[in-house]
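**Student:** Quick one, entry39.txt (compact mmCIF, N, CA and C atoms):
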# COMPACT_ATOMS: atom_id res chain seq x y z
N GLY A 1 -9.77 0.10 29.31
CA GLY A 1 -10.51 -0.47 30.41
C GLY A 1 -9.95 -1.83 30.79
N PRO A 2 -10.56 -2.47 31.79
CA PRO A 2 -10.10 -3.79 32.22
C PRO A 2 -10.41 -4.84 31.16
N PRO A 3 -9.63 -5.91 31.12
CA PRO A 3 -9.90 -6.97 30.14
C PRO A 3 -11.26 -7.59 30.40
N PRO A 4 -11.96 -8.00 29.33
CA PRO A 4 -13.28 -8.59 29.50
C PRO A 4 -13.24 -10.00 30.07
N LEU A 5 -12.07 -10.63 30.07
CA LEU A 5 -11.96 -11.97 30.63
C LEU A 5 -10.55 -12.21 31.13
N THR A 6 -10.43 -13.14 32.05
CA THR A 6 -9.11 -13.54 32.54
C THR A 6 -8.51 -14.49 31.52
N VAL A 7 -7.25 -14.23 31.14
CA VAL A 7 -6.64 -15.05 30.09
C VAL A 7 -5.51 -15.90 30.64
N ASP A 8 -5.29 -17.05 29.97
CA ASP A 8 -4.17 -17.94 30.29
C ASP A 8 -2.90 -17.50 29.57
N ALA A 9 -3.09 -16.85 28.41
CA ALA A 9 -1.94 -16.47 27.59
C ALA A 9 -2.21 -15.17 26.86
N VAL A 10 -1.14 -14.39 26.69
CA VAL A 10 -1.19 -13.15 25.94
C VAL A 10 -0.26 -13.33 24.73
N VAL A 11 -0.79 -13.08 23.53
CA VAL A 11 0.02 -13.16 22.32
C VAL A 11 0.57 -11.78 22.03
N LEU A 12 1.88 -11.71 21.74
CA LEU A 12 2.52 -10.44 21.40
C LEU A 12 3.14 -10.55 20.01
N GLU A 13 2.99 -9.49 19.22
CA GLU A 13 3.56 -9.43 17.88
C GLU A 13 5.07 -9.22 18.00
N GLU A 14 5.85 -10.06 17.31
CA GLU A 14 7.30 -10.06 17.54
C GLU A 14 8.07 -10.19 16.23
N ASP A 15 9.36 -9.79 16.28
CA ASP A 15 10.26 -9.96 15.14
C ASP A 15 11.24 -11.08 15.44
N ARG A 16 12.04 -11.45 14.44
CA ARG A 16 12.92 -12.63 14.56
C ARG A 16 13.94 -12.48 15.69
N TRP A 17 14.34 -11.24 16.03
CA TRP A 17 15.34 -11.04 17.09
C TRP A 17 14.68 -10.72 18.43
N LEU A 18 13.35 -10.79 18.50
CA LEU A 18 12.59 -10.56 19.75
C LEU A 18 12.85 -9.17 20.32
N VAL A 19 12.88 -8.19 19.42
CA VAL A 19 13.12 -6.79 19.82
C VAL A 19 11.81 -6.08 20.13
N LEU A 20 10.76 -6.37 19.38
CA LEU A 20 9.53 -5.59 19.48
C LEU A 20 8.88 -5.66 20.86
N SER A 21 8.98 -6.80 21.53
CA SER A 21 8.33 -6.92 22.85
C SER A 21 9.30 -6.64 24.00
N ALA A 22 10.56 -6.31 23.67
CA ALA A 22 11.54 -6.07 24.73
C ALA A 22 11.21 -4.77 25.47
N PRO A 23 11.45 -4.74 26.78
CA PRO A 23 11.18 -3.51 27.52
C PRO A 23 12.15 -2.41 27.07
N PRO A 24 11.69 -1.14 27.08
CA PRO A 24 12.58 -0.06 26.65
C PRO A 24 13.78 0.12 27.57
N GLU A 25 13.63 -0.23 28.84
CA GLU A 25 14.73 -0.14 29.81
C GLU A 25 15.49 -1.46 29.82
N VAL A 26 16.80 -1.39 29.63
CA VAL A 26 17.61 -2.61 29.70
C VAL A 26 18.10 -2.74 31.14
N PRO A 27 17.81 -3.87 31.79
CA PRO A 27 18.24 -4.02 33.18
C PRO A 27 19.76 -4.05 33.29
N GLU A 28 20.28 -3.55 34.40
CA GLU A 28 21.73 -3.58 34.66
C GLU A 28 22.17 -5.04 34.74
N SER A 29 23.26 -5.38 34.07
CA SER A 29 23.72 -6.77 34.05
C SER A 29 25.02 -6.91 34.83
N ARG A 30 25.14 -8.01 35.56
CA ARG A 30 26.38 -8.31 36.27
C ARG A 30 27.27 -9.22 35.42
N GLU A 31 26.79 -9.55 34.21
CA GLU A 31 27.51 -10.44 33.31
C GLU A 31 28.76 -9.74 32.79
N HIS A 32 29.86 -10.49 32.64
CA HIS A 32 31.09 -9.93 32.08
C HIS A 32 30.81 -9.48 30.64
N PRO A 33 31.26 -8.26 30.23
CA PRO A 33 30.96 -7.75 28.89
C PRO A 33 31.37 -8.71 27.77
N LEU A 34 32.50 -9.42 27.93
CA LEU A 34 32.95 -10.33 26.88
C LEU A 34 31.98 -11.51 26.73
N ARG A 35 31.47 -12.01 27.88
CA ARG A 35 30.51 -13.11 27.84
C ARG A 35 29.21 -12.65 27.16
N LEU A 36 28.77 -11.42 27.48
CA LEU A 36 27.58 -10.86 26.85
C LEU A 36 27.78 -10.73 25.35
N PHE A 37 28.93 -10.23 24.93
CA PHE A 37 29.24 -10.03 23.52
C PHE A 37 29.23 -11.37 22.79
N THR A 38 29.85 -12.38 23.40
CA THR A 38 29.88 -13.73 22.80
C THR A 38 28.47 -14.26 22.63
N ALA A 39 27.63 -14.08 23.66
CA ALA A 39 26.24 -14.55 23.58
C ALA A 39 25.51 -13.86 22.43
N LEU A 40 25.76 -12.56 22.25
CA LEU A 40 25.12 -11.83 21.16
C LEU A 40 25.57 -12.35 19.79
N VAL A 41 26.87 -12.59 19.66
CA VAL A 41 27.42 -13.06 18.39
C VAL A 41 26.86 -14.44 18.05
N GLU A 42 26.68 -15.28 19.07
CA GLU A 42 26.22 -16.65 18.84
C GLU A 42 24.69 -16.75 18.77
N ALA A 43 23.99 -15.65 19.03
CA ALA A 43 22.53 -15.68 19.05
C ALA A 43 21.99 -16.01 17.66
N GLU A 44 20.96 -16.83 17.64
CA GLU A 44 20.28 -17.20 16.40
C GLU A 44 18.90 -16.56 16.41
N PRO A 45 18.49 -15.96 15.30
CA PRO A 45 17.14 -15.39 15.27
C PRO A 45 16.09 -16.50 15.24
N ALA A 46 14.92 -16.19 15.77
CA ALA A 46 13.80 -17.12 15.68
C ALA A 46 13.34 -17.18 14.23
N SER A 47 12.67 -18.25 13.86
CA SER A 47 12.15 -18.38 12.50
C SER A 47 10.78 -17.72 12.39
N LEU A 48 10.50 -17.18 11.22
CA LEU A 48 9.18 -16.60 10.97
C LEU A 48 8.12 -17.67 11.17
N GLY A 49 7.03 -17.30 11.83
CA GLY A 49 5.94 -18.24 12.09
C GLY A 49 6.10 -19.00 13.40
N ASP A 50 7.26 -18.86 14.04
CA ASP A 50 7.48 -19.52 15.33
C ASP A 50 6.77 -18.77 16.46
N VAL A 51 6.61 -19.46 17.58
CA VAL A 51 6.14 -18.83 18.82
C VAL A 51 7.18 -19.11 19.90
N VAL A 52 7.63 -18.05 20.55
CA VAL A 52 8.57 -18.19 21.66
C VAL A 52 7.76 -18.03 22.94
N VAL A 53 7.84 -19.03 23.84
CA VAL A 53 7.03 -19.05 25.06
C VAL A 53 7.82 -18.43 26.20
N ARG A 54 7.22 -17.43 26.85
CA ARG A 54 7.79 -16.81 28.05
C ARG A 54 6.87 -17.15 29.21
N PRO A 55 7.40 -17.88 30.21
CA PRO A 55 6.54 -18.31 31.32
C PRO A 55 6.07 -17.14 32.17
N GLY A 56 5.05 -17.37 32.94
CA GLY A 56 4.49 -16.36 33.83
C GLY A 56 2.99 -16.51 33.85
N ARG A 57 2.33 -15.61 34.53
CA ARG A 57 0.86 -15.60 34.57
C ARG A 57 0.40 -14.23 34.14
N PRO A 58 -0.20 -14.08 32.98
CA PRO A 58 -0.42 -15.13 32.00
C PRO A 58 0.86 -15.47 31.23
N THR A 59 0.89 -16.62 30.58
CA THR A 59 1.99 -17.01 29.71
C THR A 59 2.05 -16.01 28.56
N ARG A 60 3.27 -15.59 28.19
CA ARG A 60 3.42 -14.70 27.03
C ARG A 60 3.86 -15.53 25.83
N LEU A 61 3.12 -15.41 24.74
CA LEU A 61 3.44 -16.12 23.51
C LEU A 61 3.91 -15.09 22.48
N LEU A 62 5.22 -15.11 22.18
CA LEU A 62 5.78 -14.15 21.24
C LEU A 62 5.64 -14.71 19.83
N ALA A 63 4.72 -14.15 19.06
CA ALA A 63 4.41 -14.63 17.71
C ALA A 63 5.35 -13.93 16.73
N VAL A 64 6.28 -14.70 16.17
CA VAL A 64 7.32 -14.14 15.30
C VAL A 64 6.74 -13.97 13.89
N VAL A 65 6.36 -12.73 13.57
CA VAL A 65 5.74 -12.45 12.27
C VAL A 65 6.51 -11.39 11.47
N HIS A 66 7.59 -10.85 12.04
CA HIS A 66 8.35 -9.80 11.35
C HIS A 66 9.79 -10.20 11.12
N ASP A 67 10.29 -9.89 9.93
CA ASP A 67 11.72 -9.93 9.64
C ASP A 67 12.07 -8.50 9.27
N LEU A 68 12.72 -7.80 10.19
CA LEU A 68 12.98 -6.37 10.02
C LEU A 68 14.00 -6.09 8.92
N ASP A 69 14.66 -7.14 8.40
CA ASP A 69 15.60 -6.97 7.28
C ASP A 69 14.87 -7.09 5.94
N ARG A 70 13.55 -7.25 5.96
CA ARG A 70 12.79 -7.51 4.75
C ARG A 70 11.71 -6.45 4.60
N GLU A 71 11.37 -6.11 3.37
CA GLU A 71 10.30 -5.16 3.10
C GLU A 71 9.29 -5.80 2.16
N PRO A 72 8.04 -5.97 2.53
CA PRO A 72 7.52 -5.65 3.87
C PRO A 72 8.04 -6.63 4.93
N SER A 73 8.04 -6.19 6.18
CA SER A 73 8.61 -7.01 7.25
C SER A 73 7.72 -8.21 7.58
N CYS A 74 6.45 -8.15 7.19
CA CYS A 74 5.48 -9.16 7.60
C CYS A 74 4.53 -9.47 6.45
N THR A 75 4.20 -10.76 6.28
CA THR A 75 3.24 -11.17 5.26
C THR A 75 2.09 -11.93 5.92
N LEU A 76 1.02 -12.09 5.17
CA LEU A 76 -0.13 -12.85 5.65
C LEU A 76 0.26 -14.30 5.95
N ALA A 77 1.17 -14.87 5.14
CA ALA A 77 1.62 -16.25 5.38
C ALA A 77 2.35 -16.36 6.72
N ASP A 78 3.14 -15.33 7.08
CA ASP A 78 3.83 -15.32 8.38
C ASP A 78 2.81 -15.30 9.51
N VAL A 79 1.77 -14.48 9.35
CA VAL A 79 0.72 -14.36 10.37
C VAL A 79 0.01 -15.70 10.54
N ARG A 80 -0.37 -16.32 9.42
CA ARG A 80 -1.08 -17.61 9.49
C ARG A 80 -0.22 -18.67 10.20
N ALA A 81 1.07 -18.74 9.81
CA ALA A 81 1.96 -19.74 10.44
C ALA A 81 2.08 -19.49 11.94
N ALA A 82 2.19 -18.23 12.34
CA ALA A 82 2.31 -17.91 13.77
C ALA A 82 1.02 -18.23 14.50
N LEU A 83 -0.13 -17.92 13.90
CA LEU A 83 -1.41 -18.26 14.53
C LEU A 83 -1.54 -19.76 14.73
N GLU A 84 -1.14 -20.53 13.71
CA GLU A 84 -1.20 -21.99 13.84
C GLU A 84 -0.26 -22.48 14.94
N ALA A 85 0.91 -21.84 15.07
CA ALA A 85 1.85 -22.19 16.14
C ALA A 85 1.28 -21.82 17.51
N VAL A 86 0.60 -20.67 17.60
CA VAL A 86 -0.04 -20.25 18.85
C VAL A 86 -1.07 -21.30 19.28
N VAL A 87 -1.91 -21.74 18.34
CA VAL A 87 -2.94 -22.74 18.62
C VAL A 87 -2.29 -24.05 19.10
N ARG A 88 -1.20 -24.45 18.42
CA ARG A 88 -0.48 -25.68 18.79
C ARG A 88 0.07 -25.57 20.22
N VAL A 89 0.70 -24.44 20.54
CA VAL A 89 1.27 -24.24 21.89
C VAL A 89 0.15 -24.24 22.93
N CYS A 90 -0.96 -23.60 22.62
CA CYS A 90 -2.10 -23.59 23.56
C CYS A 90 -2.58 -25.01 23.83
N HIS A 91 -2.66 -25.81 22.78
CA HIS A 91 -3.11 -27.20 22.92
C HIS A 91 -2.12 -27.98 23.80
N GLU A 92 -0.82 -27.84 23.50
CA GLU A 92 0.21 -28.58 24.24
C GLU A 92 0.25 -28.19 25.72
N ARG A 93 -0.02 -26.91 26.02
CA ARG A 93 0.15 -26.40 27.39
C ARG A 93 -1.17 -26.21 28.13
N GLY A 94 -2.26 -26.62 27.51
CA GLY A 94 -3.57 -26.49 28.18
C GLY A 94 -3.96 -25.04 28.42
N LEU A 95 -3.67 -24.18 27.47
CA LEU A 95 -4.06 -22.76 27.56
C LEU A 95 -5.36 -22.60 26.77
N HIS A 96 -6.42 -22.10 27.43
CA HIS A 96 -7.74 -22.08 26.79
C HIS A 96 -8.28 -20.69 26.50
N ARG A 97 -7.72 -19.67 27.17
CA ARG A 97 -8.25 -18.32 27.03
C ARG A 97 -7.12 -17.38 26.63
N LEU A 98 -7.29 -16.73 25.47
CA LEU A 98 -6.22 -15.95 24.84
C LEU A 98 -6.54 -14.47 24.74
N ALA A 99 -5.53 -13.64 24.95
CA ALA A 99 -5.58 -12.24 24.53
C ALA A 99 -4.77 -12.19 23.24
N LEU A 100 -5.39 -11.71 22.16
CA LEU A 100 -4.77 -11.80 20.84
C LEU A 100 -4.94 -10.48 20.08
N PRO A 101 -3.81 -9.85 19.70
CA PRO A 101 -3.92 -8.68 18.82
C PRO A 101 -4.13 -9.15 17.38
N LEU A 102 -4.50 -8.23 16.51
CA LEU A 102 -4.57 -8.54 15.08
C LEU A 102 -3.13 -8.52 14.57
N LEU A 103 -2.50 -9.70 14.51
CA LEU A 103 -1.09 -9.80 14.15
C LEU A 103 -0.82 -9.18 12.78
N GLY A 104 0.30 -8.46 12.69
CA GLY A 104 0.68 -7.87 11.42
C GLY A 104 0.06 -6.52 11.14
N THR A 105 -0.80 -6.06 12.07
CA THR A 105 -1.43 -4.76 11.85
C THR A 105 -0.86 -3.67 12.77
N ALA A 106 -0.09 -4.05 13.78
CA ALA A 106 0.49 -3.05 14.69
C ALA A 106 1.79 -2.48 14.14
N HIS A 107 2.71 -3.36 13.72
CA HIS A 107 4.03 -2.92 13.25
C HIS A 107 4.16 -3.06 11.74
N ALA A 108 3.10 -3.46 11.07
CA ALA A 108 3.08 -3.55 9.61
C ALA A 108 1.68 -3.15 9.18
N ARG A 109 1.51 -2.91 7.92
CA ARG A 109 0.20 -2.46 7.46
C ARG A 109 -0.52 -3.55 6.66
N LEU A 110 -0.60 -4.72 7.25
CA LEU A 110 -1.35 -5.79 6.57
C LEU A 110 -2.83 -5.41 6.56
N ASP A 111 -3.53 -5.90 5.56
CA ASP A 111 -4.95 -5.62 5.43
C ASP A 111 -5.72 -6.25 6.60
N ARG A 112 -6.45 -5.42 7.33
CA ARG A 112 -7.16 -5.86 8.53
C ARG A 112 -8.13 -7.00 8.24
N ASP A 113 -8.90 -6.86 7.15
CA ASP A 113 -9.90 -7.88 6.85
C ASP A 113 -9.25 -9.22 6.51
N ALA A 114 -8.12 -9.17 5.80
CA ALA A 114 -7.40 -10.41 5.45
C ALA A 114 -6.86 -11.07 6.72
N VAL A 115 -6.32 -10.27 7.64
CA VAL A 115 -5.80 -10.81 8.91
C VAL A 115 -6.96 -11.40 9.72
N LEU A 116 -8.09 -10.72 9.74
CA LEU A 116 -9.28 -11.23 10.45
C LEU A 116 -9.71 -12.58 9.89
N ARG A 117 -9.73 -12.70 8.55
CA ARG A 117 -10.13 -13.96 7.92
C ARG A 117 -9.18 -15.09 8.34
N GLU A 118 -7.87 -14.82 8.27
CA GLU A 118 -6.87 -15.84 8.66
C GLU A 118 -7.08 -16.23 10.13
N THR A 119 -7.27 -15.22 10.98
CA THR A 119 -7.44 -15.45 12.42
C THR A 119 -8.68 -16.31 12.66
N ALA A 120 -9.79 -15.95 12.03
CA ALA A 120 -11.04 -16.70 12.21
C ALA A 120 -10.89 -18.14 11.71
N GLU A 121 -10.24 -18.32 10.56
CA GLU A 121 -10.06 -19.67 10.00
C GLU A 121 -9.25 -20.56 10.94
N VAL A 122 -8.14 -20.01 11.45
CA VAL A 122 -7.28 -20.80 12.34
C VAL A 122 -8.01 -21.10 13.65
N LEU A 123 -8.68 -20.09 14.22
CA LEU A 123 -9.38 -20.29 15.49
C LEU A 123 -10.57 -21.23 15.35
N ALA A 124 -11.20 -21.25 14.19
CA ALA A 124 -12.36 -22.12 13.98
C ALA A 124 -12.00 -23.59 14.14
N ARG A 125 -10.74 -23.93 13.86
CA ARG A 125 -10.29 -25.33 14.00
C ARG A 125 -9.67 -25.61 15.37
N ALA A 126 -9.52 -24.58 16.19
CA ALA A 126 -8.85 -24.72 17.49
C ALA A 126 -9.90 -25.04 18.55
N THR A 127 -10.30 -26.30 18.61
CA THR A 127 -11.42 -26.69 19.48
C THR A 127 -11.13 -26.46 20.97
N HIS A 128 -9.85 -26.49 21.36
CA HIS A 128 -9.52 -26.34 22.78
C HIS A 128 -9.44 -24.87 23.20
N VAL A 129 -9.40 -23.93 22.25
CA VAL A 129 -9.41 -22.50 22.60
C VAL A 129 -10.86 -22.12 22.87
N GLN A 130 -11.14 -21.76 24.14
CA GLN A 130 -12.53 -21.53 24.55
C GLN A 130 -12.95 -20.07 24.43
N ALA A 131 -11.99 -19.15 24.60
CA ALA A 131 -12.33 -17.72 24.57
C ALA A 131 -11.14 -16.94 24.05
N VAL A 132 -11.44 -15.89 23.27
CA VAL A 132 -10.40 -15.03 22.74
C VAL A 132 -10.80 -13.58 22.98
N TRP A 133 -9.90 -12.84 23.62
CA TRP A 133 -10.06 -11.40 23.74
C TRP A 133 -9.27 -10.81 22.58
N LEU A 134 -9.97 -10.42 21.51
CA LEU A 134 -9.32 -9.82 20.36
C LEU A 134 -9.01 -8.37 20.71
N GLN A 135 -7.74 -8.04 20.81
CA GLN A 135 -7.32 -6.73 21.26
C GLN A 135 -7.31 -5.74 20.10
N THR A 136 -8.47 -5.13 19.90
CA THR A 136 -8.62 -4.12 18.86
C THR A 136 -9.68 -3.12 19.32
N GLU A 137 -9.52 -1.88 18.88
CA GLU A 137 -10.51 -0.85 19.20
C GLU A 137 -11.66 -0.90 18.19
N ASP A 138 -11.52 -1.77 17.21
CA ASP A 138 -12.36 -1.76 16.02
C ASP A 138 -13.58 -2.66 16.21
N ALA A 139 -14.73 -2.05 16.50
CA ALA A 139 -15.96 -2.82 16.75
C ALA A 139 -16.36 -3.64 15.53
N GLU A 140 -16.14 -3.08 14.33
CA GLU A 140 -16.50 -3.77 13.10
C GLU A 140 -15.67 -5.07 12.96
N ALA A 141 -14.40 -5.01 13.34
CA ALA A 141 -13.54 -6.20 13.29
C ALA A 141 -14.10 -7.28 14.21
N LEU A 142 -14.55 -6.88 15.39
CA LEU A 142 -15.10 -7.86 16.33
C LEU A 142 -16.35 -8.52 15.77
N ASP A 143 -17.21 -7.73 15.12
CA ASP A 143 -18.42 -8.28 14.51
C ASP A 143 -18.06 -9.29 13.41
N LEU A 144 -17.04 -8.93 12.60
CA LEU A 144 -16.61 -9.83 11.52
C LEU A 144 -16.09 -11.15 12.09
N LEU A 145 -15.31 -11.07 13.18
CA LEU A 145 -14.76 -12.29 13.78
C LEU A 145 -15.89 -13.14 14.36
N ARG A 146 -16.84 -12.49 15.05
CA ARG A 146 -17.97 -13.25 15.63
C ARG A 146 -18.74 -13.99 14.54
N ALA A 147 -18.90 -13.34 13.39
CA ALA A 147 -19.66 -13.94 12.29
C ALA A 147 -18.88 -15.14 11.70
N ALA A 148 -17.56 -15.04 11.71
CA ALA A 148 -16.73 -16.08 11.07
C ALA A 148 -16.43 -17.25 11.99
N TRP A 149 -16.47 -17.00 13.30
CA TRP A 149 -16.07 -18.02 14.28
C TRP A 149 -17.32 -18.72 14.81
N PRO A 150 -17.45 -20.02 14.59
CA PRO A 150 -18.68 -20.73 14.99
C PRO A 150 -18.91 -20.68 16.50
Using structure tokens, write down the structure that the file contains.
**Tutor:**
Amino acid sequence: GPPPLTVDAVVLEEDRWLVLSAPPEVPESREHPLRLFTALVEAEPASLGDVVVRPGRPTRLLAVVHDLDREPSCTLADVRAALEAVVRVCHERGLHRLALPLLGTAHARLDRDAVLRETAEVLARATHVQAVWLQTEDAEALDLLRAAWP
């Protein structure tokens, strides 16, 4: 259905090479193949816990919580660091209303309740975040977050 609120930013679960949120269709490039290859070779992966900001309306915040070369690819500490970075970016950019998935539960099997606790703890200190659309089908998760978030 339609989102319950208009958001300033959408958080997306991402890996260090920013592959998970990439569109499945690669646009045709007019770039010389050698220049493209050089750019790929020189590319540096994002750090775990970082947020990569993609402008637009709403702003897309790519929360880097996965290292696909590691098993498991995502830990609770990565999720917490990324959530704290999301809150910091929101504060710096005046973003007050977020669409937020349960990070680490879409592309990894982190414990939902543990992720909810981390999310609630970080959001409880984020005084400038006014509203969060928690993107989950799980009504019980929403009740748990409401109980934890003042």
**Student:** Compile the contact shell of Val64 of chain A as a ChimeraX atom specification: residues with an atom at most 9 Å away, counting only C-alpha atoms, same-chain residues fewer than 6 positions apart removed.
**Tutor:** /A:12-18,46-52,78-79,82
**Student:** To test your reading of the structure, identify every residue in segment 15-125 of chain A that backbone DSSP assigns to alpha helix (DSSP H), and report it as a PyMOL selection string.
**Tutor:** chain A and resi 33-42+76-93+112-124
**Student:** Between atom CA of Arg93 of chain A and atom CA of Pro24 of chain A, what is the spacing in Å?
**Tutor:**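 If I compute the distance from atom CA of Pro24 of chain A to atom CA of Arg93 of chain A, I get 29.1 Å.
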**Student:** So, with only C-alpha atoms as the atoms that count, which of A:Val65, A:Ala81, A:Leu98, A:Val53 lies closest to Val10 of chain A?
**Tutor:** A:Leu98
**Student:** Using only C-alpha atoms, which protein or nucleic acid residues come within 6 Å of Thr59 of chain A? Drop anything in the same chain fewer than 3 positions from it, and give the result as a list in words.
**Tutor:**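 Surrounding residues, per the criterion: Ala9, Pro55 and Gly56 of chain A.
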**Student:** To box segment 81-99 of chain A, take all atoms listed in the file, fit an axis-aligned box, add 4 Å on each side, and give centre and edge lengths in Å to one decimal, as lines of an AutoDock Vina configuration file.
**Tutor:**
center_x = -3.0
center_y = -20.4
center_z = 19.1
size_x = 18.6
size_y = 24.4
size_z = 26.6
**Student:** Which residues in chain A does DSSP call strand (DSSP E)? List them as a PyMOL selection string.
**Tutor:** chain A and resi 9-15+51-54+59-66+97-101+131-135
**Student:** Based on the selection just made, write N, CA and C atoms of those residues as a compact mmCIF listing (two decimals), in the coordinates of the input.
**Tutor:**
# COMPACT_ATOMS: atom_id res chain seq x y z
N ALA A 9 -3.09 -16.85 28.41
CA ALA A 9 -1.94 -16.47 27.59
C ALA A 9 -2.21 -15.17 26.86
N VAL A 10 -1.14 -14.39 26.69
CA VAL A 10 -1.19 -13.15 25.94
C VAL A 10 -0.26 -13.33 24.73
N VAL A 11 -0.79 -13.08 23.53
CA VAL A 11 0.02 -13.16 22.32
C VAL A 11 0.57 -11.78 22.03
N LEU A 12 1.88 -11.71 21.74
CA LEU A 12 2.52 -10.44 21.40
C LEU A 12 3.14 -10.55 20.01
N GLU A 13 2.99 -9.49 19.22
CA GLU A 13 3.56 -9.43 17.88
C GLU A 13 5.07 -9.22 18.00
N GLU A 14 5.85 -10.06 17.31
CA GLU A 14 7.30 -10.06 17.54
C GLU A 14 8.07 -10.19 16.23
N ASP A 15 9.36 -9.79 16.28
CA ASP A 15 10.26 -9.96 15.14
C ASP A 15 11.24 -11.08 15.44
N VAL A 51 6.61 -19.46 17.58
CA VAL A 51 6.14 -18.83 18.82
C VAL A 51 7.18 -19.11 19.90
N VAL A 52 7.63 -18.05 20.55
CA VAL A 52 8.57 -18.19 21.66
C VAL A 52 7.76 -18.03 22.94
N VAL A 53 7.84 -19.03 23.84
CA VAL A 53 7.03 -19.05 25.06
C VAL A 53 7.82 -18.43 26.20
N ARG A 54 7.22 -17.43 26.85
CA ARG A 54 7.79 -16.81 28.05
C ARG A 54 6.87 -17.15 29.21
N THR A 59 0.89 -16.62 30.58
CA THR A 59 1.99 -17.01 29.71
C THR A 59 2.05 -16.01 28.56
N ARG A 60 3.27 -15.59 28.19
CA ARG A 60 3.42 -14.70 27.03
C ARG A 60 3.86 -15.53 25.83
N LEU A 61 3.12 -15.41 24.74
CA LEU A 61 3.44 -16.12 23.51
C LEU A 61 3.91 -15.09 22.48
N LEU A 62 5.22 -15.11 22.18
CA LEU A 62 5.78 -14.15 21.24
C LEU A 62 5.64 -14.71 19.83
N ALA A 63 4.72 -14.15 19.06
CA ALA A 63 4.41 -14.63 17.71
C ALA A 63 5.35 -13.93 16.73
N VAL A 64 6.28 -14.70 16.17
CA VAL A 64 7.32 -14.14 15.30
C VAL A 64 6.74 -13.97 13.89
N VAL A 65 6.36 -12.73 13.57
CA VAL A 65 5.74 -12.45 12.27
C VAL A 65 6.51 -11.39 11.47
N HIS A 66 7.59 -10.85 12.04
CA HIS A 66 8.35 -9.80 11.35
C HIS A 66 9.79 -10.20 11.12
N ARG A 97 -7.72 -19.67 27.17
CA ARG A 97 -8.25 -18.32 27.03
C ARG A 97 -7.12 -17.38 26.63
N LEU A 98 -7.29 -16.73 25.47
CA LEU A 98 -6.22 -15.95 24.84
C LEU A 98 -6.54 -14.47 24.74
N ALA A 99 -5.53 -13.64 24.95
CA ALA A 99 -5.58 -12.24 24.53
C ALA A 99 -4.77 -12.19 23.24
N LEU A 100 -5.39 -11.71 22.16
CA LEU A 100 -4.77 -11.80 20.84
C LEU A 100 -4.94 -10.48 20.08
N PRO A 101 -3.81 -9.85 19.70
CA PRO A 101 -3.92 -8.68 18.82
C PRO A 101 -4.13 -9.15 17.38
N ALA A 131 -11.99 -19.15 24.60
CA ALA A 131 -12.33 -17.72 24.57
C ALA A 131 -11.14 -16.94 24.05
N VAL A 132 -11.44 -15.89 23.27
CA VAL A 132 -10.40 -15.03 22.74
C VAL A 132 -10.80 -13.58 22.98
N TRP A 133 -9.90 -12.84 23.62
CA TRP A 133 -10.06 -11.40 23.74
C TRP A 133 -9.27 -10.81 22.58
N LEU A 134 -9.97 -10.42 21.51
CA LEU A 134 -9.32 -9.82 20.36
C LEU A 134 -9.01 -8.37 20.71
N GLN A 135 -7.74 -8.04 20.81
CA GLN A 135 -7.32 -6.73 21.26
C GLN A 135 -7.31 -5.74 20.10
**Student:** Quick one: pull the distance between atom CA of Ala106 of chain A and atom N of Ala126 of chain A, Å, one decimal.
**Tutor:**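 Separation between atom CA of Ala106 of chain A and atom N of Ala126 of chain A: 23.8 Å.
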**Student:** One decimal, in Å: what's the spacing between atom CA of Gln135 of chain A and atom CA of Leu100 of chain A?
**Tutor:**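 Going from atom CA of Gln135 of chain A over to atom CA of Leu100 of chain A covers 5.7 Å.
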**Student:** What lies within 7 Å of Trp133 of chain A using all atoms listed in the file, ignoring chain neighbours under 6 positions off, as a list in words?
**Tutor:**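 Near Trp133 of chain A, the qualifying residues are Pro4, Leu5, Arg97, Leu98, Ala99, Leu100 and Pro101 of chain A.
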**Student:** Nearest to Leu95 of chain A among A:Val11, A:His128, A:Leu61, A:Glu137, with distances taken over all atoms listed in the file: which residue is it?
**Tutor:**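 Smallest separation from Leu95 of chain A among the options: A:His128.
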